[in-house]
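Raw entry-v8.cif, mmCIF, C-alpha atoms:
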```cif
data_final
#
loop_
_atom_site.label_atom_id
_atom_site.label_comp_id
_atom_site.auth_asym_id
_atom_site.auth_seq_id
_atom_site.Cartn_x
_atom_site.Cartn_y
_atom_site.Cartn_z
CA PRO A 1 6.32 25.14 -4.17
CA VAL A 2 6.26 22.09 -1.92
CA ASP A 3 3.31 23.31 0.16
CA GLU A 4 1.16 23.76 -2.96
CA PHE A 5 2.17 20.28 -4.17
CA LEU A 6 1.06 18.72 -0.90
CA ILE A 7 -2.26 20.57 -0.90
CA ASP A 8 -3.11 19.69 -4.49
CA ASN A 9 -1.82 16.11 -4.55
CA GLN A 10 -2.36 14.60 -1.12
CA LEU A 11 -3.96 11.18 -1.10
CA VAL A 12 -4.03 10.75 2.68
CA GLU A 13 -3.87 14.12 4.39
CA GLY A 14 -0.43 14.80 5.83
CA LEU A 15 0.80 11.25 5.15
CA ILE A 16 0.83 10.10 1.52
CA ALA A 17 0.75 12.16 -1.66
CA SER A 18 -0.47 10.91 -5.02
CA GLY A 19 2.48 9.36 -6.83
CA ASP A 20 4.35 8.41 -3.67
CA ILE A 21 5.89 5.06 -2.88
CA ALA A 22 5.11 4.32 0.77
CA VAL A 23 5.96 1.33 2.93
CA LEU A 24 4.13 -0.15 5.93
CA TYR A 25 6.58 -2.32 7.84
CA GLY A 26 6.65 -4.20 11.11
CA ALA A 27 7.11 -7.52 12.83
CA ALA A 28 4.84 -10.48 12.12
CA LYS A 29 1.31 -10.38 13.55
CA THR A 30 1.29 -6.65 14.28
CA GLY A 31 -1.67 -5.96 11.97
CA LYS A 32 0.12 -4.65 8.87
CA SER A 33 -2.22 -6.32 6.38
CA PHE A 34 -5.32 -5.50 8.43
CA LEU A 35 -4.24 -1.84 8.50
CA ALA A 36 -3.56 -1.89 4.74
CA VAL A 37 -7.02 -3.35 4.02
CA ASP A 38 -8.60 -0.69 6.23
CA LEU A 39 -6.70 2.01 4.34
CA ALA A 40 -7.73 0.48 1.00
CA VAL A 41 -11.41 0.61 2.01
CA ALA A 42 -11.04 4.23 3.13
CA LEU A 43 -9.36 5.17 -0.15
CA SER A 44 -11.93 3.40 -2.32
CA ASN A 45 -14.84 4.87 -0.35
CA GLY A 46 -13.33 8.35 0.05
CA GLU A 47 -13.68 8.17 3.82
CA VAL A 48 -11.71 9.79 6.62
CA TRP A 49 -8.85 7.60 7.90
CA PHE A 50 -7.58 8.24 11.44
CA ASP A 51 -9.15 11.73 11.28
CA ARG A 52 -7.31 12.47 8.03
CA SER A 53 -9.12 13.41 4.84
CA ILE A 54 -8.85 11.08 1.85
CA ASN A 55 -8.90 11.64 -1.89
CA THR A 56 -11.02 8.85 -3.37
CA ALA A 57 -8.95 6.35 -5.36
CA LYS A 58 -9.28 3.03 -7.19
CA VAL A 59 -7.29 0.36 -5.37
CA LEU A 60 -5.60 -2.83 -6.56
CA TYR A 61 -4.30 -5.03 -3.75
CA TRP A 62 -1.76 -7.68 -4.83
CA ALA A 63 -1.84 -10.62 -2.43
CA GLY A 64 1.43 -12.50 -2.73
CA GLU A 65 0.40 -14.58 0.28
CA ASP A 66 -2.77 -15.45 2.24
CA PHE A 67 -5.13 -14.53 -0.62
CA LYS A 68 -8.19 -16.11 1.04
CA GLY A 69 -7.38 -14.40 4.33
CA LEU A 70 -7.23 -11.01 2.62
CA ILE A 71 -10.56 -11.64 0.89
CA ALA A 72 -12.06 -12.36 4.33
CA ARG A 73 -10.49 -9.23 5.85
CA ARG A 74 -11.88 -7.10 3.04
CA ALA A 75 -15.34 -8.66 3.52
CA ALA A 76 -15.21 -7.99 7.26
CA CYS A 77 -14.12 -4.40 6.75
CA LEU A 78 -16.75 -3.75 4.10
CA ARG A 79 -19.44 -5.23 6.36
CA GLN A 80 -18.56 -2.61 8.96
CA LYS A 81 -18.03 0.34 6.62
CA GLY A 82 -19.97 -0.43 3.45
CA ALA A 83 -18.71 -0.49 -0.13
CA CYS A 84 -19.14 2.15 -2.80
CA GLY A 85 -15.80 2.27 -4.59
CA VAL A 86 -13.19 0.23 -6.45
CA PHE A 87 -11.12 -2.16 -4.30
CA SER A 88 -9.91 -5.31 -6.08
CA ILE A 89 -7.63 -8.06 -4.78
CA CYS A 90 -5.57 -10.22 -7.13
CA ASN A 91 -3.09 -13.04 -6.61
CA ASP A 92 -1.50 -13.31 -10.05
CA PRO A 93 1.99 -14.91 -9.94
CA LEU A 94 4.11 -11.76 -10.18
CA SER A 95 7.81 -11.17 -9.64
CA LEU A 96 10.29 -8.33 -10.04
CA THR A 97 13.19 -10.70 -10.70
CA PRO A 98 14.91 -9.78 -14.02
CA PRO A 99 13.46 -12.66 -16.09
CA HIS A 100 9.90 -11.82 -15.03
CA ALA A 101 9.89 -8.08 -14.29
CA ALA A 102 8.78 -6.97 -17.76
CA ASP A 103 5.76 -9.31 -17.76
CA THR A 104 4.87 -8.24 -14.22
CA LEU A 105 4.92 -4.56 -15.16
CA ASP A 106 2.79 -5.25 -18.25
CA THR A 107 0.22 -7.15 -16.17
CA LEU A 108 -0.01 -4.52 -13.45
CA ALA A 109 -0.13 -1.61 -15.90
CA ASN A 110 -2.98 -3.20 -17.87
CA VAL A 111 -5.02 -3.98 -14.75
CA LEU A 112 -4.47 -0.55 -13.20
CA ARG A 113 -5.31 1.32 -16.40
CA TYR A 114 -8.13 -0.77 -17.87
CA GLU A 115 -9.37 -3.70 -15.81
CA LEU A 116 -10.28 -2.55 -12.28
CA ALA A 117 -14.03 -3.14 -12.05
CA PRO A 118 -15.95 0.13 -11.56
CA SER A 119 -19.27 -1.63 -10.92
CA ARG A 120 -19.71 -0.25 -7.40
CA LEU A 121 -19.25 3.38 -8.39
CA ALA A 122 -22.35 5.52 -8.23
CA ASP A 123 -21.11 7.31 -11.34
CA PRO A 124 -18.88 4.98 -13.42
CA SER A 125 -17.99 7.91 -15.70
CA ASN A 126 -15.79 9.20 -12.88
CA TYR A 127 -13.73 6.00 -12.93
CA MET A 128 -10.97 7.21 -15.24
CA ARG A 129 -10.44 10.33 -13.13
CA LEU A 130 -9.75 8.38 -9.93
CA PRO A 131 -6.06 8.15 -8.99
CA PRO A 132 -4.83 4.52 -8.91
CA VAL A 133 -3.28 2.89 -5.84
CA LEU A 134 -1.34 -0.39 -5.85
CA ILE A 135 -0.79 -2.20 -2.54
CA ILE A 136 1.93 -4.88 -2.58
CA ASP A 137 1.64 -7.59 0.07
CA THR A 138 4.43 -8.44 0.58
CA TRP A 139 7.70 -7.00 -0.70
CA ALA A 140 9.42 -10.30 0.10
CA MET A 141 7.01 -12.21 -2.16
CA LEU A 142 7.30 -9.74 -5.06
CA THR A 143 11.10 -9.86 -4.88
CA ALA A 144 11.42 -13.58 -4.07
CA SER A 145 14.81 -15.01 -5.13
CA MET A 146 16.29 -11.49 -5.10
CA ASP A 147 18.71 -10.62 -2.30
CA GLU A 148 17.06 -8.22 0.18
CA ASN A 149 20.50 -7.29 1.50
CA SER A 150 21.86 -6.39 -1.93
CA GLY A 151 21.80 -2.74 -2.87
CA LYS A 152 21.97 -3.74 -6.53
CA ASP A 153 18.93 -6.05 -6.32
CA MET A 154 16.81 -3.69 -4.25
CA SER A 155 17.67 -0.71 -6.45
CA ALA A 156 16.64 -2.73 -9.52
CA ALA A 157 13.33 -3.66 -7.88
CA MET A 158 12.60 -0.06 -6.93
CA ALA A 159 13.53 1.10 -10.43
CA ALA A 160 10.91 -1.31 -11.79
CA LEU A 161 8.25 0.27 -9.54
CA ARG A 162 9.25 3.74 -10.74
CA GLU A 163 8.93 2.50 -14.32
CA LEU A 164 5.41 1.29 -13.51
CA GLN A 165 4.59 4.74 -12.14
CA ALA A 166 5.85 6.28 -15.38
CA ARG A 167 3.44 4.05 -17.31
CA VAL A 168 0.42 4.54 -15.01
CA SER A 169 -0.30 8.22 -14.38
CA ASN A 170 -0.50 9.36 -10.74
CA LEU A 171 0.07 5.82 -9.43
CA THR A 172 0.67 5.55 -5.70
CA ILE A 173 2.34 2.37 -4.45
CA ILE A 174 2.08 1.09 -0.88
CA ILE A 175 4.43 -1.76 0.05
CA ILE A 176 3.90 -4.15 2.97
CA HIS A 177 7.27 -5.22 4.36
CA HIS A 178 8.79 -6.93 7.37
CA ALA A 179 10.91 -5.38 10.10
CA GLY A 180 14.41 -6.68 10.69
CA LYS A 181 15.34 -9.03 13.51
CA ASP A 182 16.37 -5.96 15.50
CA GLY A 183 13.19 -3.90 15.33
CA SER A 184 15.01 -0.75 16.43
CA ARG A 185 16.93 -0.77 13.12
CA GLY A 186 13.79 -0.50 11.00
CA MET A 187 12.95 -2.44 7.85
CA ARG A 188 14.51 -5.74 6.88
CA GLY A 189 17.08 -5.64 4.09
CA HIS A 190 19.31 -3.10 2.42
CA SER A 191 19.13 0.57 3.40
CA SER A 192 18.55 1.57 -0.24
CA LEU A 193 14.89 0.61 0.17
CA LEU A 194 14.37 3.19 2.90
CA ALA A 195 16.24 5.77 0.83
CA ALA A 196 14.04 5.08 -2.21
CA VAL A 197 10.59 5.35 -0.62
CA ASP A 198 8.77 8.61 0.06
CA VAL A 199 7.12 7.53 3.31
CA ALA A 200 8.00 4.77 5.80
CA ILE A 201 5.41 3.86 8.43
CA GLU A 202 6.19 1.40 11.22
CA VAL A 203 3.38 -0.81 12.56
CA ASP A 204 3.68 -2.40 16.01
CA SER A 205 1.46 -3.69 18.79
CA ASN A 206 1.65 -4.17 22.54
CA SER A 207 0.92 -7.18 24.75
CA LYS A 208 -2.71 -6.04 25.19
CA GLY A 209 -3.40 -6.16 21.46
CA LEU A 210 -3.38 -2.41 20.84
CA GLY A 211 -1.84 -1.62 17.47
CA ARG A 212 -0.04 1.55 16.47
CA TRP A 213 1.38 3.07 13.30
CA THR A 214 4.10 5.72 13.35
CA VAL A 215 5.70 7.69 10.52
CA ARG A 216 9.43 6.98 10.83
CA ASN A 217 10.63 8.58 7.61
CA ALA A 218 9.02 11.05 5.19
CA ARG A 219 10.39 12.96 2.24
CA ARG A 220 7.96 15.90 2.43
CA ASN A 221 5.97 15.66 5.68
CA ALA A 222 7.06 15.69 9.31
CA THR A 223 7.90 12.38 10.98
CA GLY A 224 6.33 11.19 14.21
CA ALA A 225 2.66 11.24 13.22
CA SER A 226 0.90 8.19 14.65
CA GLY A 227 -2.42 6.47 15.22
CA GLN A 228 -3.71 3.62 17.35
CA PHE A 229 -6.04 0.79 16.42
CA ARG A 230 -7.48 -2.42 17.83
CA LEU A 231 -8.42 -5.43 15.69
CA LYS A 232 -12.04 -6.51 15.98
CA GLN A 233 -13.52 -9.90 15.17
CA VAL A 234 -16.37 -9.84 12.64
CA SER A 235 -18.58 -12.84 11.88
CA LEU A 236 -19.03 -13.46 8.15
#
```
Using the file provided, produce a representation of the structure as structure tokens.
Amino acid sequence: PVDEFLIDNQLVEGLIASGDIAVLYGAAKTGKSFLAVDLAVALSNGEVWFDRSINTAKVLYWAGEDFKGLIARRAACLRQKGACGVFSICNDPLSLTPPHAADTLDTLANVLRYELAPSRLADPSNYMRLPPVLIIDTWAMLTASMDENSGKDMSAAMAALRELQARVSNLTIIIIHHAGKDGSRGMRGHSSLLAAVDVAIEVDSNSKGLGRWTVRNARRNATGASGQFRLKQVSL
């Protein structure tokens, strides 16, 4: 039954289940990457996130852009919250375009299964039992030279991610994506992307710098759940 699946397999209580493909999307400078880094720290540390329980995971964050900035954001977040889990950031040149997709899947599968460093774990023997999470920042960079408005191209890219999930047991994928020019119409690109993901979460902010995330689409949970956040400067 669905309710038993959600209870046994939830990664973020009431939001994301293990094995889901989720997307965080929004306009530029709304805090998408900051929110994703904060979620990655919560997942790797097994901490509560916006009052929601977390199942501890090992996290690989692919930085297709602003690698140094993401390293700094992780350092700032870890300074505030501490580090005890597996949260790695990589910037390997990856692409889901047909000539490169096979190599990309091989690289990601090998890192997710064998190469994430468990050095911070109190008990490294638990490493293999942790569910893996891949964060993709951004979808545009991973699908560069593919047509975001093409159902054929976007379906092929999503099929590649599903193939990766078939190769890496219990893999959850979280995609960072941009909103369209008309924010009221949701994510940028073809509607097949929204249809293919399990959870779509919009990130926005107001003129006073208060950020907010809202579940706009969900395959198994109710929509409308939300949380507010404010970015804080941390000296490194």
Task: Residue among A:Met128, A:Ile54, A:Ala160, A:Ala144 lying closest to Ala196 of chain A, counting all atoms listed in the file - done: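 Among the listed residues, A:Ala160 lies closest to Ala196 of chain A.
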Open item on the list: Ranking A:Ser44, A:Thr56, A:Asn9, A:Ser95 by minimum distance to Ala83 of chain A and counting only C-alpha atoms, which one comes first?
Closed with: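 Checking each of A:Ser44, A:Thr56, A:Asn9, A:Ser95 against Ala83 of chain A, counting only C-alpha atoms, the winner is A:Ser44.
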Task: Point-to-point distance from atom CA of Leu164 of chain A to atom CA of Leu105 of chain A, Å rounded to tenths - done: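 Here the two named atoms are 6.1 Å from each other.
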- [ ] For the file shown, report as a list in words the outcome of the PyMOL selection byres ((chain A and resi 97) around 8) at residue level.
- [x]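 That expression, the PyMOL selection byres ((chain A and resi 97) around 8), corresponds here to Ser95, Leu96, Pro98, Pro99, His100, Ala101, Thr143, Ala144, Ser145, Met146 and Ala157 of chain A.
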Task: Selection result of the PyMOL selection byres ((chain A and resi 57) around 6) on this file, as number ranges by chain - done: A: 43-44, 56, 58, 130-132
Taking a cut-off of 12 Å and counting only C-alpha atoms, can you build a table that, for each residue of segment 37-127 of chain A near segment 169-176 of chain A, reports the nearest atom pair and how far apart they are in Å (one decimal), sorted by chain then residue number, as CSV?
```
residue,atom,partner,partner_atom,distance
A:Val37,CA,A:Ile176,CA,11.0
A:Leu39,CA,A:Ile174,CA,10.3
A:Ala40,CA,A:Ile174,CA,10.0
A:Leu43,CA,A:Thr172,CA,11.5
A:Asn55,CA,A:Thr172,CA,12.0
A:Ala57,CA,A:Thr172,CA,9.7
A:Lys58,CA,A:Leu171,CA,10.0
A:Val59,CA,A:Thr172,CA,9.5
A:Leu60,CA,A:Ile173,CA,9.7
A:Tyr61,CA,A:Ile174,CA,9.3
A:Trp62,CA,A:Ile175,CA,9.9
A:Ala63,CA,A:Ile176,CA,10.2
A:Gly64,CA,A:Ile176,CA,10.4
A:Glu65,CA,A:Ile176,CA,11.3
A:Leu108,CA,A:Leu171,CA,11.1
A:Ala109,CA,A:Leu171,CA,9.9
A:Leu112,CA,A:Leu171,CA,8.7
A:Arg113,CA,A:Ser169,CA,8.8
```
TODO: Please write as a ChimeraX atom specification the full residue list that the PyMOL selection byres ((chain A and resi 210-214) around 6) yields on this file.
DONE: /A:201-206,208-209,215,224-230
Using C-alpha atoms, can you write the selected residues to a file as a compact mmCIF listing (two decimals), keeping the file's coordinate frame?
```txt
# COMPACT_ATOMS: atom_id res chain seq x y z
CA ILE A 201 5.41 3.86 8.43
CA GLU A 202 6.19 1.40 11.22
CA VAL A 203 3.38 -0.81 12.56
CA ASP A 204 3.68 -2.40 16.01
CA SER A 205 1.46 -3.69 18.79
CA ASN A 206 1.65 -4.17 22.54
CA LYS A 208 -2.71 -6.04 25.19
CA GLY A 209 -3.40 -6.16 21.46
CA VAL A 215 5.70 7.69 10.52
CA GLY A 224 6.33 11.19 14.21
CA ALA A 225 2.66 11.24 13.22
CA SER A 226 0.90 8.19 14.65
CA GLY A 227 -2.42 6.47 15.22
CA GLN A 228 -3.71 3.62 17.35
CA PHE A 229 -6.04 0.79 16.42
CA ARG A 230 -7.48 -2.42 17.83
```
Task: Given all atoms listed in the file as the counted atoms, nearest of A:Ala72, A:Ala28, A:Ile89, A:Ser184 to Val133 of chain A - done: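 The shortest atom-to-atom distance to Val133 of chain A comes from A:Ile89.
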Task: Among listed residues A:Ala36, A:Leu70, A:Gly180, A:Gly82, nearest Ala22 of chain A (using all atoms listed in the file) - done: A:Ala36
- [ ] Can you work out the spacing between atom CA of Asp38 of chain A and atom CA of Val197 of chain A in Å, to one decimal?
- [x]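 Going from atom CA of Asp38 of chain A over to atom CA of Val197 of chain A, I get 21.3 Å.
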- [ ] For atom CA of Lys29 of chain A and atom CA of Ala159 of chain A, quote the distance in Å rounded to one decimal.
- [x]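 Atom-to-atom, atom CA of Lys29 of chain A and atom CA of Ala159 of chain A are spaced 29.3 Å apart.
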Task: Counting only C-alpha atoms, the option among A:Leu134, A:Leu11, A:Leu142, A:Val199 closest to Leu24 of chain A - done: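 That would be A:Val199, the residue with the smallest distance to Leu24 of chain A.
Distance annotation: of A:Val234, A:Val41, A:Leu161, A:Ala179, the residue with the minimal separation from Asp20 of chain A is A:Leu161; atom set is only C-alpha atoms.
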Axis-aligned box for all listed atoms of segment 148-165 of chain A, 3 Å per side, centre and edges in Å to one decimal, as JSON:
```
{"center_x": 13.3, "center_y": -1.7, "center_z": -6.4, "size_x": 23.4, "size_y": 19.0, "size_z": 21.8}
```
